[in-house]
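Engineer: Here it is, the structure in full.
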Amino acid sequence: MAWEEKERQSDQIRLLAFDWIVLVRDICKRWYLIVTVALLAGMGAYLVSDMRFVPQYTTNTTFVVSAQDSSANVYQNLSAATNLASVFSEVLNSSILRTTVLEQAGLETFEGTIQAGAIPETNLLTLRVTDANPRTAFLVTKAIVENHQVVSYQVMGDLVLEVLQEPKVPTAPSNSSMAMHYLKRVTLLAAAAMCVLLGVVSYMQDTIRSRTEAKEKLNCRCLGEICHERKYKTLRALLKRKKTSILITNPATSFQFVETFRKLRRKVERYLPKEGGVLLVTSVLENEGKSTVAVNLALALARKNKRVLLVEGDLRKPACHKILNWDAQELGIADVILKKVTLEEAVVTDQQTGLDLLPEHRSVLASGDLVGDEGMADLLETARCTYDYVVIDTPPMSVATDAESLSELTDGVLLVVRQNGVTADAANQALAALHKTNTKVLGCVLSNVYTSFVSSLSGNYGYGYGYGYGYGYHYRYGSEGSGEKGKIAE
């Protein structure tokens with residue numbers, strides 16, 4: 001019953017959990033999709049509106065309305081124009097006048113409109129004839145001017161209409177196309193709809209968005225959160241694509257980022273054996289920041305005057321020496337495993353921080369064979385006797401089994417989970433695989449956590465290093481046991 005209650009609570013959290021910062025970031029990351037859909041929808045609306053647009057041409061004529069009685073004053077003329085305008089439209093659209101106009105213009109039908117109106121505070125009357133054909137509009141107007149008295153004498157009485165402005169053939173449409181209006185409106189609506197859709201998709205994803213969700217969804221403890229840190233500290237650095245090393249030893253690194261690793265160090269010390277030990281750092285997917293976490297955790301341990309060895313265990317894509325900005329060395333971990341050199345000969349020491357690094361700058365094709373070699377076990381046994389802490393950076397578990405093989409030789413495993421990256425199900429499967437090796441899983445750490453609206457808009461400028469090549473581009477996975485043992489790609 002207790003397990004069923006926990007499952008029910010977990011389902012509630014998955015349905016109700018909401019982090020608007022993550023939501024905004026998810027939407028902003030896919031800006032290109034929003035722009036593409038919005039532009040396509042707007043252009044589609046423009047084309048449809050433009051194809052359906054029918055231009056209308058209007059011919060205008062102005063009449064002067066006056067009374068036949070010479071004694072009529074201006075007020076009477078104004079009143080006559082106003083009264084005539086109310087009924088003149090009906091006169092112009094009468095069947096008798098239309099028949100006469102069609103005969104005069106030589107037309108069989110007329111689908112346009114005829115309107116009349118008085119100009120305010122004047123004794124002027126305007127006649128507007130609109131049709132899709134400019135010539136038809138002109139001919140009808142001219143015929144009305146010449147034949148309106150056939151019917152209008154019945155309502156005009158003693159009023160006289162004099163043409164003030166002769167009709168002309170219209171050269172431009174009187175109505176405007178709404179294509180541009182629809183383009184703007186549909187573009188905005190499509191962009192808003194895509195934002196809503198992406199927001200719903202982001203909300204429905206069963207990923208880890210916060211420390212609370214990590215505790216509830218994952219089958220391990222959460223040791224903390226590593227806050228988002230910008231790789232480009234200034235606009236100039238961004239334009240020049242000049243990354244800043246995201247290290248706790250770098251003065252440009254934020255205090256919050258440094259403090260998170262101090263807290264993580266204390267928890268790692270608590271859960272590892274008191275005399276120290278070997279810690280393995282891995283992740284489920286690539287680009288979750290595991291190498292950055294491994295390097296900074298090793299630096300944090302070294303700051304306590306501990307002897308710390310950072311081992312480049314990601315032989316397919318070594319990155320630790322690049323994060324540390326150390327020059328590539330000729331000797332590496334592969335040489336130590338194959339017993340070509342000793343551990344002391346291959347280790348590189350940073351005099352300023354006191355951190356030792358066992359590097360590897362070459363891509364090892366058959367890293368699975370090297371990891372499973374007895375030379376790796378001998379290497380770690382030697383390191384365990386020499387150092388207080390040994391931190392191993394390994395490949396993601398989704399692309400190789402190196403982490404599972406190495407975990408049997410370690411005292412604890414730390415799983416790095418990127419915020420809103422891997423699904424809870426995939427993370428739990430990775431944890432289950434680690435538990436089967438009878439290793440001690442210290443817990444997980446949530447990386448690249450966005451804690452403000454400004455940082456959520458910074459997109460991919462957070463930490464997590466890419467060096468121009470990734471898993472699966474230069475070699476295949478799934479065949480780690482193939483090839484000559486220890487073969488190195490030059």
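By convention in this document, the chains of the structure tokens carry letters A, B, ... by their order, each chain's residues are numbered from 1, and ligands are numbered from 1 in the order they are shown.
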Write out as a PyMOL selection string all residues of range 164-244 of chain A that DSSP puts in helix (DSSP H, G or I) for this structure's backbone.

Structural biologist: chain A and resi 179-204+211-217+235-239

Engineer: Save out the residues we just selected, C-alpha atoms, as a PDB file, in the first residue's frame.

Structural biologist:
```
ATOM      1  CA  ALA A 179      -3.239  40.779 -47.929  1.00  0.00           C
ATOM      2  CA  MET A 180      -0.646  42.633 -45.849  1.00  0.00           C
ATOM      3  CA  HIS A 181      -3.099  43.025 -42.980  1.00  0.00           C
ATOM      4  CA  TYR A 182      -3.800  39.290 -42.950  1.00  0.00           C
ATOM      5  CA  LEU A 183      -0.081  38.533 -43.236  1.00  0.00           C
ATOM      6  CA  LYS A 184       0.673  40.481 -40.043  1.00  0.00           C
ATOM      7  CA  ARG A 185      -2.300  39.149 -38.122  1.00  0.00           C
ATOM      8  CA  VAL A 186      -1.855  35.497 -39.113  1.00  0.00           C
ATOM      9  CA  THR A 187       1.903  35.692 -38.478  1.00  0.00           C
ATOM     10  CA  LEU A 188       1.326  36.918 -34.927  1.00  0.00           C
ATOM     11  CA  LEU A 189      -1.446  34.400 -34.300  1.00  0.00           C
ATOM     12  CA  ALA A 190       0.680  31.533 -35.660  1.00  0.00           C
ATOM     13  CA  ALA A 191       3.638  32.584 -33.502  1.00  0.00           C
ATOM     14  CA  ALA A 192       1.400  32.739 -30.430  1.00  0.00           C
ATOM     15  CA  ALA A 193      -0.129  29.361 -31.262  1.00  0.00           C
ATOM     16  CA  MET A 194       3.322  27.794 -31.659  1.00  0.00           C
ATOM     17  CA  CYS A 195       4.415  29.241 -28.318  1.00  0.00           C
ATOM     18  CA  VAL A 196       1.367  27.705 -26.664  1.00  0.00           C
ATOM     19  CA  LEU A 197       1.928  24.369 -28.414  1.00  0.00           C
ATOM     20  CA  LEU A 198       5.609  24.254 -27.458  1.00  0.00           C
ATOM     21  CA  GLY A 199       4.683  25.220 -23.913  1.00  0.00           C
ATOM     22  CA  VAL A 200       2.197  22.340 -23.709  1.00  0.00           C
ATOM     23  CA  VAL A 201       4.751  19.896 -25.146  1.00  0.00           C
ATOM     24  CA  SER A 202       7.368  21.105 -22.665  1.00  0.00           C
ATOM     25  CA  TYR A 203       4.926  20.774 -19.790  1.00  0.00           C
ATOM     26  CA  MET A 204       3.961  17.236 -20.812  1.00  0.00           C
ATOM     27  CA  ARG A 211      15.408  19.438  -7.164  1.00  0.00           C
ATOM     28  CA  THR A 212      11.957  18.557  -5.845  1.00  0.00           C
ATOM     29  CA  GLU A 213      11.158  16.605  -8.989  1.00  0.00           C
ATOM     30  CA  ALA A 214      14.547  14.873  -8.814  1.00  0.00           C
ATOM     31  CA  LYS A 215      13.756  13.691  -5.295  1.00  0.00           C
ATOM     32  CA  GLU A 216      10.282  12.492  -6.240  1.00  0.00           C
ATOM     33  CA  LYS A 217      10.917  10.965  -9.673  1.00  0.00           C
ATOM     34  CA  LEU A 235      29.084  40.747 -25.549  1.00  0.00           C
ATOM     35  CA  ARG A 236      32.520  41.091 -27.108  1.00  0.00           C
ATOM     36  CA  ALA A 237      33.395  37.556 -26.048  1.00  0.00           C
ATOM     37  CA  LEU A 238      30.120  36.315 -27.531  1.00  0.00           C
ATOM     38  CA  LEU A 239      30.773  37.998 -30.878  1.00  0.00           C
TER      39      LEU A 239
END
```

Engineer: Of the residues A:Cys444, A:Arg98, A:Leu406, A:Leu124, which is the one nearest to Ala424 in chain A, using only C-alpha atoms?

Structural biologist: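 The answer is A:Cys444, which sits nearest to Ala424 in chain A.
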
Engineer: Would you list the contacts of Gln352 in chain A as a ChimeraX atom specification, taking every protein, DNA or RNA residue within 10 Å and counting only C-alpha atoms, but skipping same-chain residues closer than 3 positions in sequence?

Structural biologist: /A:249,349,355

Engineer: Since we have the selection now, will you write its residues out, keeping N, CA and C atoms, as a PDB file, in the first residue's frame?

Structural biologist:
```pdb
ATOM      1  N   THR A 249      38.001  27.993  -9.992  1.00  0.00           N
ATOM      2  CA  THR A 249      39.245  28.730  -9.765  1.00  0.00           C
ATOM      3  C   THR A 249      39.341  29.990 -10.611  1.00  0.00           C
ATOM      4  N   THR A 349      50.519  17.594 -13.168  1.00  0.00           N
ATOM      5  CA  THR A 349      50.161  18.298 -11.930  1.00  0.00           C
ATOM      6  C   THR A 349      50.079  19.797 -12.174  1.00  0.00           C
ATOM      7  N   LEU A 355      46.046  20.009  -8.215  1.00  0.00           N
ATOM      8  CA  LEU A 355      45.271  18.937  -8.815  1.00  0.00           C
ATOM      9  C   LEU A 355      46.127  18.133  -9.781  1.00  0.00           C
TER      10      LEU A 355
END
```

Engineer: Counting only C-alpha atoms, which residue out of A:Gly412, A:Val449, A:Val336, A:Gly42 sits closest to Arg270 in chain A?

Structural biologist: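 Answer, going by the shortest atom-to-atom distance: A:Gly412.
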
Engineer: Taking the DSSP assignment computed from this structure's backbone, write out as a list of chain:residue names all residues of range 174-234 of chain A that belong to strand (DSSP E).

Structural biologist: A:Cys222, A:Leu223, A:Gly224, A:Glu225, A:Ile226, A:Cys227

Engineer: Env of Val169 in chain A: 10 Å cut, atoms = only C-alpha atoms, seq-sep filter 3 positions within chain, self excluded. Answer as a JSON list (two decimals) with C-alpha atoms, in the first residue's frame.

Structural biologist:
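Now in around-v5.json:
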```json
[["chain", "number", "residue", "atom", "x", "y", "z"],
["A", 57, "TYR", "CA", -13.02, 51.00, -59.46],
["A", 58, "THR", "CA", -15.11, 54.03, -58.59],
["A", 59, "THR", "CA", -16.14, 56.95, -60.79],
["A", 60, "ASN", "CA", -17.20, 60.12, -58.95],
["A", 134, "PRO", "CA", -13.11, 50.74, -64.65],
["A", 135, "ARG", "CA", -14.57, 51.26, -68.15],
["A", 136, "THR", "CA", -17.97, 49.95, -67.04],
["A", 137, "ALA", "CA", -17.98, 52.29, -64.02],
["A", 138, "PHE", "CA", -17.24, 55.24, -66.29],
["A", 139, "LEU", "CA", -19.87, 54.35, -68.93],
["A", 141, "THR", "CA", -21.76, 57.14, -64.62],
["A", 172, "ALA", "CA", -6.55, 52.90, -59.67]]
```

Engineer: Rounded to one decimal place, report the CA of Val441 in chain A-CA of Asp356 in chain A distance in Å.

Structural biologist: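 That distance, rounded to one decimal, is 24.4 Å.
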
Engineer: Find the residues near Ala319 in chain A: any atom within 10 Å, counting only C-alpha atoms, skip ones fewer than 2 places away on the same chain, and give them as a PyMOL selection string.

Structural biologist: chain A and resi 291-292+295+312-317+321-325+359-361+393+465-467

Engineer: Write a file of the just-selected residues containing N, CA and C atoms, as a compact mmCIF listing (two decimals), in the first residue's frame.

Structural biologist:
```txt
# COMPACT_ATOMS: atom_id res chain seq x y z
N SER A 291 31.40 16.39 -17.51
CA SER A 291 32.84 16.69 -17.46
C SER A 291 33.09 17.96 -16.67
N THR A 292 32.23 18.96 -16.83
CA THR A 292 32.37 20.19 -16.06
C THR A 292 32.19 19.91 -14.58
N VAL A 295 35.38 17.96 -13.26
CA VAL A 295 36.57 18.81 -13.12
C VAL A 295 36.43 19.74 -11.91
N GLU A 312 40.81 10.97 -16.78
CA GLU A 312 40.06 11.12 -18.03
C GLU A 312 39.56 9.74 -18.46
N GLY A 313 38.37 9.38 -17.98
CA GLY A 313 37.81 8.07 -18.30
C GLY A 313 36.92 8.07 -19.53
N ASP A 314 36.63 9.25 -20.07
CA ASP A 314 35.85 9.33 -21.30
C ASP A 314 36.83 9.24 -22.47
N LEU A 315 37.21 8.02 -22.81
CA LEU A 315 38.25 7.82 -23.82
C LEU A 315 37.76 8.08 -25.23
N ARG A 316 36.46 8.09 -25.42
CA ARG A 316 35.93 8.37 -26.76
C ARG A 316 35.94 9.86 -27.06
N LYS A 317 35.68 10.65 -26.05
CA LYS A 317 35.64 12.10 -26.25
C LYS A 317 36.28 12.78 -25.04
N HIS A 321 41.09 17.94 -20.04
CA HIS A 321 42.23 18.83 -20.24
C HIS A 321 41.83 20.09 -21.00
N LYS A 322 40.78 20.01 -21.81
CA LYS A 322 40.31 21.19 -22.53
C LYS A 322 39.57 22.14 -21.59
N ILE A 323 38.78 21.58 -20.70
CA ILE A 323 38.08 22.42 -19.73
C ILE A 323 39.07 23.13 -18.81
N LEU A 324 40.13 22.41 -18.45
CA LEU A 324 41.18 23.00 -17.60
C LEU A 324 42.13 23.91 -18.36
N ASN A 325 42.00 23.92 -19.71
CA ASN A 325 42.88 24.73 -20.55
C ASN A 325 44.35 24.29 -20.43
N PRO A 359 45.50 12.42 -18.11
CA PRO A 359 44.78 12.86 -19.31
C PRO A 359 44.72 11.78 -20.39
N GLU A 360 44.03 12.13 -21.44
CA GLU A 360 44.05 11.37 -22.69
C GLU A 360 43.49 12.29 -23.77
N HIS A 361 44.37 12.70 -24.68
CA HIS A 361 43.93 13.65 -25.70
C HIS A 361 43.58 12.96 -27.01
N ASP A 393 35.97 10.78 -14.89
CA ASP A 393 34.96 11.26 -15.85
C ASP A 393 34.76 10.17 -16.89
N TYR A 465 30.60 21.92 -22.52
CA TYR A 465 31.55 22.25 -23.57
C TYR A 465 31.35 21.40 -24.81
N GLY A 466 31.48 22.00 -25.95
CA GLY A 466 31.50 21.27 -27.22
C GLY A 466 32.76 21.64 -27.95
N TYR A 467 33.42 20.68 -28.55
CA TYR A 467 34.71 20.94 -29.18
C TYR A 467 34.73 20.60 -30.65
```

Engineer: Quick one: pull the distance between CA of Pro251 in chain A and CA of Lys290 in chain A, Å, one decimal.

Structural biologist: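 Distance between the two atoms: 21.6 Å.
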
Engineer: Within 12 Å of Lys304 in chain A, counting only C-alpha atoms, which residues qualify if same-chain residues fewer than 3 places away don't, as JSON, numbers by chain?

Structural biologist: {"A": [262, 265, 266, 269, 297, 298, 299, 300, 301, 307, 308, 353, 354, 355, 388, 389]}

Engineer: CA of Thr61 in chain A and CA of Val163 in chain A, how far apart in Å?

Structural biologist: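 CA of Thr61 in chain A lies at a distance of 7.5 Å from CA of Val163 in chain A.
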